[in-house]
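Each remark here refers to the structure printed beneath this line.
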Amino acid sequence: MTTQVACPSRPDVPVGVARHRPRVPDRSDSVQRNDVRIAYDVYDADRPTVILLPTWSIIDSRVWKLQVPYLARHYRVVTFDGRGSGRSGRPQGAACYTDAEFAADAVAVMDATETDRALLVGFSCGVAWSVHVAAGHPERVAGIVAIAPSCGLSVPSPERDVFAYDKRLDTVHGWAKYNEHYWRDGGLEDFISFFADRMYHEPHSTKQREDFVGWASDISADTLADTTAGRLGLHGADAQPLEPLCAKVACPVLVVHGTEDRVRPAGIGERLAELTGGSLVLLDGVGHGVPGREPVRMNSLIREFADQIFPAPQPPSFTTWTRSRQRPRRALYLSSPIGLGHARRDLAIAAELQQRHPDLQIDWLAQDPVTRVLAAAGERIHPASRYLASESRHIEDECADHDLNAFQAIRRMDETLLQNFMIFDEVAAETPYDVVIGDEAWDVDYFMHENPESKRFPFVWLTDFVGWLPMPSGGDDEAALTADYNAEMIEQRARYRRLRDHSVFVGNRDDVVDETFGPDLPRIREWTNNNFDFSGYISGFTPPSEEETARLRAGLGLRRDDLLCLVTVGGSGVGTALLRRVLDAVPLACRLEPALQFLIVCGPRIDPEALVGHTDEVSRRVRIPGFLPDLHRHLAACDLAVVQGGLTTCMELTASRRPFIYVPLRNHFEQNFHVRHRLEQYRAGRYMPYEDAADPDRLAAAIIETLHADVDYRPVETDGAVRAADLIDGLL
């Protein structure tokens, strides 16, 4: 059975679907053919067209979610939901679902989108439809990419075909579930789970199976039976043999098939390549769901094939090759946008490296809001940064009322992470970097381990936590998923240790939680000690002097006896709820401490106007600025802070020895486990659950108590950037 985990913080988010997509259609419309509505999407570009055909109607065009963002950067892309799925119509009867009908739909979509000629990409059943179109309309098909074809060719699949449409339901295991009577008799959900397991049988494919089950929940037993009978020529449907049509295909054909396909054997792909004179790429060890399970390889194959059949005009080229000894040192720095603290510590490391190597040029591949910090520091931002999909926007869309299941949110960020890795891969291929530094660049680290041939450079990985941990609200399902993700990471590192030249934990050995990765897996602290170097914490700043603090407070209009409470929620937009709760507590806190003033810092992604509308008493006591690039100095100058549970802000307050209350996001495993453990190591901060912070009386009382509490923090080390640079310097 496929595990499904909903989003506890966002019940309106369907399983397997991200609210924020890295690429949305430029146009969505539909075309009517024989009273059947066919819905399509167009991703415009001034380049030839690639059409990603639908597959079996059990799922819709979302099956291409990992291909669209990448291909749409290089080609015009058209997708459409096949009849019986998604937004398209659901006619009744097997005769409505023959290969010829699907092929005619493809031509109708080409007409509606003004596509004279295109590269057709078919997956599974969609391969047959691409052959029909190419045979019947050769002038309109520039080429075919056939992925894991599941077509009517004379290649037996005995395990699958023997039970199809058997009315005897006394034996319903394995492919016996591929049976219309079983589906109509209440077994459809069980079949969908079974089929998902056959599609994605490779280890650690929980997300792919979850997506498939979530999407397939939209189909009825009757529609699925009709779509299958139509392809097989049952119940009065006219199934045209495919082999004679293959002989009519005149365009180039690329066939891609996994050798461990458990839906249709690779022999079908071999036969199709033979009949069409096409090229064959066998993916050893890969199953049926190639676009979802091996997206990097699949995207590259489609792009390379498209470039061959749509050669772009090449102007005369003038290139310069520089002898290796003459080349200046170059580094590519990847700084995570999930929390602006990454940018500050990364700038500190970069400054240390450039002090040692004045000729070192650092290119930053980064996105908002990190780019604002980098621009203010005068750093060079790589032009390709503008193509990166926003991780911060995705995280914000996953959050509701101070609740963010960070683990599930990152799982649902697969489209964004894949898109950003493909951009990184292009950048790294264009420039010979001496080192690539990835500060929690999860996309690069994961997909590089999945595609080790993509490493062309020394690679340094930095992180301030290790290990996905389940939240109690996720129950056994989330515990199983986090353990599976941890096991995959452990296996990747054991097999391809060479991919990271250094793994750097931004902290000390005792800062690592002493928890387990999961059943039968090692303990996190022990494994991290054996696999990481430790830099100590990297704050990226020196706390200001008393004189600097006095000037800053004077600049804020504070009198000598005023007390400043600074409230901030980091660089993303997920903290609005906490800011509102603090505003609710302001009048109560000020009555308890008349000298109290509040500075509510919205950050770069929260509109200060969204927080207006409070009483005059609040307005007199509160200032609400937007983005403060020198926030760390304001933190050092406050008398108290109220913050989320983000590591950077909490550690900056710890380094500056300021009293603070931290309110971790609910269901955020990193803030609730990893950060809280580290703060306990430093004896820093006052933990407050959001349920308490949401009560104005409790929050006001906590503000006053913490404001006057003694500070006895363990000192924060100041040489972290130097120690990290020492490790990286050996690669330069």
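Labeling convention for the structure tokens: chains A, B, ... as they appear, residues from 1 per chain, ligands from 1 in order of appearance.
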Write out as CSV the residues of stretch 238-331 of chain A that have any atom within 10 Å of an atom of stretch 407-424 of chain A, one row each with the nearest atom pair and its distance in Å to one decimal, counting only C-alpha atoms, sorted by chain and then rising number.
```
residue,atom,partner,partner_atom,distance
A:Pro295,CA,A:Leu418,CA,7.8
A:Val296,CA,A:Met422,CA,7.2
A:Asn299,CA,A:Met422,CA,8.7
A:Ser300,CA,A:Met422,CA,9.0
```
Q: Quick one: everything within 8 Å of stretch 324-338 of chain A, counting only C-alpha atoms, minus sequence neighbours fewer than 2 positions away in the same chain. Send it as a PyMOL selection string.
A: chain A and resi 322+340+342-343+346+359-370+391-392+432-441+571-572+732
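Excluding stretch 254-267 of chain A itself and any same-chain residue fewer than 4 positions from it, the protein and nucleic acid residues within 6 Å of it, counting only C-alpha atoms, are Val145, Ala146, Ile147, Ala148, Ser150, Arg198, Gly278, Ser279, Leu280, Val281, Leu282, Leu283, Asp284, Gly285, Val286, Gly287 and His288 of chain A.
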Q: Would you kindly return, as a list in words, each protein, DNA or RNA residue with an atom no farther than 9 Å from any atom of A:Val567, considering only C-alpha atoms and excluding same-chain residues fewer than 5 positions away?
A: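 Those residues are Leu579, Val582, Phe598, Leu599, Ile600, Val601, Cys602, Leu640, Ala641, Val642, Val643 and Gln644 of chain A.
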Q: Would you mind listing what lies within 8 Å of stretch 688-701 of chain A as a list in words, with only C-alpha atoms counted and same-chain residues fewer than 3 positions away left out?
A: His402, Leu578, Arg581, Val582, Asp584, Ala585, Val586, Leu588, Ala589, Ile661, Tyr662, Val663, Pro664, Leu665, Arg666, Ile704 and Glu705 of chain A
(Q) With DSSP run on the backbone, what are the helix (DSSP H, G or I) residues within stretch 274-361 of chain A? I'd like them as JSON, numbers by chain. (A) {"A": [274, 275, 276, 290, 291, 292, 293, 295, 296, 297, 298, 299, 300, 301, 302, 303, 304, 305, 306, 307, 308, 309, 324, 325, 326, 341, 342, 343, 344, 345, 346, 347, 348, 349, 350, 351, 352, 353, 354, 355, 356]}
Deliver the residues from the most recent selection as a file, using C-alpha atoms, as a PDB file, in the first residue's frame.
```pdb
ATOM      1  CA  GLU A 274      13.571  -1.843 -34.731  1.00  0.00           C
ATOM      2  CA  LEU A 275      10.263  -1.156 -36.532  1.00  0.00           C
ATOM      3  CA  THR A 276      10.776   2.622 -36.770  1.00  0.00           C
ATOM      4  CA  VAL A 290      11.135   7.158 -16.041  1.00  0.00           C
ATOM      5  CA  PRO A 291       9.988  10.839 -16.157  1.00  0.00           C
ATOM      6  CA  GLY A 292       9.317  10.885 -12.424  1.00  0.00           C
ATOM      7  CA  ARG A 293      12.081   8.600 -11.178  1.00  0.00           C
ATOM      8  CA  PRO A 295      14.015  13.264 -14.378  1.00  0.00           C
ATOM      9  CA  VAL A 296      17.544  14.596 -14.849  1.00  0.00           C
ATOM     10  CA  ARG A 297      18.475  11.916 -17.367  1.00  0.00           C
ATOM     11  CA  MET A 298      15.106  12.090 -19.092  1.00  0.00           C
ATOM     12  CA  ASN A 299      15.170  15.870 -19.408  1.00  0.00           C
ATOM     13  CA  SER A 300      18.661  15.741 -20.867  1.00  0.00           C
ATOM     14  CA  LEU A 301      17.712  13.077 -23.400  1.00  0.00           C
ATOM     15  CA  ILE A 302      14.652  15.012 -24.581  1.00  0.00           C
ATOM     16  CA  ARG A 303      16.599  18.266 -24.825  1.00  0.00           C
ATOM     17  CA  GLU A 304      19.505  16.683 -26.703  1.00  0.00           C
ATOM     18  CA  PHE A 305      17.148  14.991 -29.157  1.00  0.00           C
ATOM     19  CA  ALA A 306      15.150  18.192 -29.669  1.00  0.00           C
ATOM     20  CA  ASP A 307      18.345  20.124 -30.341  1.00  0.00           C
ATOM     21  CA  GLN A 308      19.246  17.594 -33.032  1.00  0.00           C
ATOM     22  CA  ILE A 309      15.953  17.811 -34.895  1.00  0.00           C
ATOM     23  CA  SER A 324      45.128  26.245 -16.966  1.00  0.00           C
ATOM     24  CA  ARG A 325      47.951  28.077 -15.184  1.00  0.00           C
ATOM     25  CA  GLN A 326      46.637  31.402 -16.483  1.00  0.00           C
ATOM     26  CA  GLY A 341      21.307  33.515   8.003  1.00  0.00           C
ATOM     27  CA  HIS A 342      22.793  31.314   5.304  1.00  0.00           C
ATOM     28  CA  ALA A 343      23.703  34.428   3.328  1.00  0.00           C
ATOM     29  CA  ARG A 344      25.440  36.088   6.272  1.00  0.00           C
ATOM     30  CA  ARG A 345      27.579  33.103   7.171  1.00  0.00           C
ATOM     31  CA  ASP A 346      28.324  32.444   3.503  1.00  0.00           C
ATOM     32  CA  LEU A 347      29.495  36.026   3.032  1.00  0.00           C
ATOM     33  CA  ALA A 348      31.798  35.563   6.022  1.00  0.00           C
ATOM     34  CA  ILE A 349      33.319  32.428   4.492  1.00  0.00           C
ATOM     35  CA  ALA A 350      33.623  34.109   1.093  1.00  0.00           C
ATOM     36  CA  ALA A 351      35.387  37.122   2.610  1.00  0.00           C
ATOM     37  CA  GLU A 352      37.843  34.823   4.379  1.00  0.00           C
ATOM     38  CA  LEU A 353      38.593  32.973   1.126  1.00  0.00           C
ATOM     39  CA  GLN A 354      39.087  36.194  -0.833  1.00  0.00           C
ATOM     40  CA  GLN A 355      41.401  37.536   1.832  1.00  0.00           C
ATOM     41  CA  ARG A 356      43.608  34.510   1.229  1.00  0.00           C
TER      42      ARG A 356
END
```
Please return, as a CSV table (one decimal) with N, CA, C and O atoms, in the first residue's frame, all residues of stretch 301-461 of chain A that DSSP assigns to strand (DSSP E or B) on the basis of the backbone.
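This is the output file out16.csv:
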```csv
chain,number,residue,atom,x,y,z
A,330,ARG,N,38.1,30.6,-9.6
A,330,ARG,CA,36.7,30.9,-9.6
A,330,ARG,C,35.9,29.9,-8.7
A,330,ARG,O,36.2,28.7,-8.8
A,331,ALA,N,35.0,30.4,-8.0
A,331,ALA,CA,34.1,29.6,-7.2
A,331,ALA,C,32.7,29.9,-7.4
A,331,ALA,O,32.3,31.0,-7.8
A,332,LEU,N,31.9,28.9,-7.4
A,332,LEU,CA,30.4,29.1,-7.5
A,332,LEU,C,29.8,28.8,-6.1
A,332,LEU,O,30.0,27.7,-5.5
A,333,TYR,N,29.1,29.8,-5.6
A,333,TYR,CA,28.5,29.7,-4.2
A,333,TYR,C,27.0,29.6,-4.3
A,333,TYR,O,26.4,30.4,-5.0
A,334,LEU,N,26.5,28.5,-3.7
A,334,LEU,CA,25.0,28.3,-3.7
A,334,LEU,C,24.6,28.5,-2.2
A,334,LEU,O,25.0,27.8,-1.3
A,335,SER,N,23.7,29.5,-2.0
A,335,SER,CA,23.3,29.9,-0.7
A,335,SER,C,21.8,29.7,-0.5
A,335,SER,O,21.0,30.3,-1.3
A,361,GLN,N,37.4,34.9,-7.9
A,361,GLN,CA,36.1,35.4,-8.3
A,361,GLN,C,35.1,34.5,-7.8
A,361,GLN,O,35.1,33.3,-8.2
A,362,ILE,N,34.1,35.0,-7.1
A,362,ILE,CA,33.0,34.2,-6.6
A,362,ILE,C,31.7,34.6,-7.3
A,362,ILE,O,31.3,35.8,-7.3
A,363,ASP,N,31.1,33.6,-8.0
A,363,ASP,CA,29.8,33.8,-8.6
A,363,ASP,C,28.8,33.2,-7.6
A,363,ASP,O,28.9,32.1,-7.1
A,364,TRP,N,27.7,33.9,-7.4
A,364,TRP,CA,26.6,33.5,-6.5
A,364,TRP,C,25.4,33.1,-7.3
A,364,TRP,O,24.9,33.9,-8.1
A,365,LEU,N,25.0,31.8,-7.2
A,365,LEU,CA,23.8,31.3,-7.8
A,365,LEU,C,22.7,31.3,-6.7
A,365,LEU,O,22.7,30.4,-5.9
A,380,ARG,N,28.9,39.5,-6.8
A,380,ARG,CA,28.5,39.2,-8.2
A,380,ARG,C,27.5,38.0,-8.2
A,380,ARG,O,27.8,36.9,-7.8
A,381,ILE,N,26.3,38.4,-8.7
A,381,ILE,CA,25.2,37.4,-8.7
A,381,ILE,C,25.2,36.8,-10.2
A,381,ILE,O,25.2,37.6,-11.1
A,403,ASP,N,2.2,27.4,11.3
A,403,ASP,CA,2.3,26.0,11.2
A,403,ASP,C,2.9,25.6,9.8
A,403,ASP,O,2.4,26.0,8.8
A,435,VAL,N,35.9,25.3,-7.5
A,435,VAL,CA,35.2,24.7,-6.3
A,435,VAL,C,33.7,25.2,-6.4
A,435,VAL,O,33.4,26.4,-6.8
A,436,VAL,N,32.8,24.4,-6.0
A,436,VAL,CA,31.4,24.7,-5.8
A,436,VAL,C,31.1,24.5,-4.3
A,436,VAL,O,31.4,23.5,-3.8
A,437,ILE,N,30.5,25.6,-3.7
A,437,ILE,CA,30.2,25.5,-2.3
A,437,ILE,C,28.7,25.6,-2.2
A,437,ILE,O,28.0,26.5,-2.7
A,438,GLY,N,28.1,24.6,-1.6
A,438,GLY,CA,26.6,24.5,-1.5
A,438,GLY,C,26.2,24.6,0.0
A,438,GLY,O,26.4,23.6,0.7
A,439,ASP,N,25.6,25.7,0.4
A,439,ASP,CA,25.1,25.8,1.8
A,439,ASP,C,23.7,25.4,1.8
A,439,ASP,O,22.8,26.1,1.4
A,459,PHE,N,33.5,19.8,-4.6
A,459,PHE,CA,32.2,20.2,-4.1
A,459,PHE,C,32.3,20.2,-2.6
A,459,PHE,O,32.7,19.2,-2.0
A,460,VAL,N,31.9,21.3,-1.9
A,460,VAL,CA,31.8,21.4,-0.5
A,460,VAL,C,30.4,21.6,-0.1
A,460,VAL,O,29.7,22.5,-0.6
A,461,TRP,N,29.9,20.8,0.9
A,461,TRP,CA,28.6,20.8,1.4
A,461,TRP,C,28.6,21.3,2.8
A,461,TRP,O,29.3,20.9,3.6
```
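Of the residues under consideration (A:Met651, A:Ala250, A:Val31, A:Ala406), A:Ala406 shows the shortest atom-to-atom contact distance to A:His394 when counting only C-alpha atoms.
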Q. Looking at only C-alpha atoms, which of A:Val253, A:Pro244, A:Asp46, A:Phe102 is the one that sits closest to A:Gly143?
A.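 For A:Gly143, the nearest of the candidates is A:Val253.
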Taking only residues of stretch 209-249 of chain A that have an atom at most 12 Å from an atom of stretch 61-81 of chain A, what is each one's shortest atom pair and its distance in Å to one decimal, using only C-alpha atoms, in chain and number order, as a tab-separated table?
```
residue	atom	partner	partner_atom	distance
A:Arg209	CA	A:Val63	CA	11.6
A:Asp211	CA	A:Val63	CA	8.7
A:Phe212	CA	A:Val63	CA	8.1
A:Val213	CA	A:Val63	CA	11.6
A:Gly214	CA	A:Arg62	CA	10.9
A:Trp215	CA	A:Arg62	CA	8.1
A:Ala216	CA	A:Val63	CA	10.6
```
Would you save the residues of that selection, restricted to C-alpha atoms, as a PDB file, in the first residue's frame?
```
ATOM      1  CA  ARG A 209       4.084   6.540  -5.653  1.00  0.00           C
ATOM      2  CA  ASP A 211       1.905  11.439  -6.475  1.00  0.00           C
ATOM      3  CA  PHE A 212       0.558   8.662  -8.665  1.00  0.00           C
ATOM      4  CA  VAL A 213      -2.018   7.532  -6.105  1.00  0.00           C
ATOM      5  CA  GLY A 214      -3.108  11.104  -5.453  1.00  0.00           C
ATOM      6  CA  TRP A 215      -3.605  11.861  -9.138  1.00  0.00           C
ATOM      7  CA  ALA A 216      -5.286   8.536  -9.946  1.00  0.00           C
TER       8      ALA A 216
END
```
Q) Any idea what's packed within 9 Å of A:Gly93, counting only C-alpha atoms, ignoring anything in its chain fewer than 5 positions away? Could you give it as a list in words? A) Asp222, Thr223, Ala225, Asp226, Thr227, Ala229, Gly230, His235, Gly236 and Ala237 of chain A
Let me see the file: selected residues, C-alpha atoms, as a short mmCIF file (atom, residue, chain, number, x, y, z; two decimals), in the first residue's frame.
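Generated output (again.cif):
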```
data_model
loop_
_atom_site.label_atom_id
_atom_site.label_comp_id
_atom_site.auth_asym_id
_atom_site.auth_seq_id
_atom_site.Cartn_x
_atom_site.Cartn_y
_atom_site.Cartn_z
CA ASP A 222 -16.03 2.81 -15.46
CA THR A 223 -13.74 5.35 -17.13
CA ALA A 225 -12.31 0.22 -17.84
CA ASP A 226 -13.36 2.10 -20.99
CA THR A 227 -9.88 3.56 -21.57
CA ALA A 229 -10.86 -1.72 -23.37
CA GLY A 230 -10.53 0.93 -26.08
CA HIS A 235 -16.32 -4.14 -26.07
CA GLY A 236 -16.82 -3.07 -29.67
CA ALA A 237 -13.77 -0.81 -29.92
#
```
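Taking only C-alpha atoms into account, A:Glu593 lies nearest to A:Leu563 out of the set A:Asn672, A:Ala428, A:Pro54, A:Leu563.
Atom CA of A:Ile268 is positioned 18.1 Å from atom CA of A:Thr228.
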Q: Figure out the distance between atom CA of A:Pro203 and atom CA of A:Arg495, please, to one decimal in Å.
A: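 Separation of atom CA of A:Arg495 and atom CA of A:Pro203: 14.6 Å.
Note that the spacing between atom CA of A:Leu462 and atom CA of A:Trp527 amounts to 15.8 Å.
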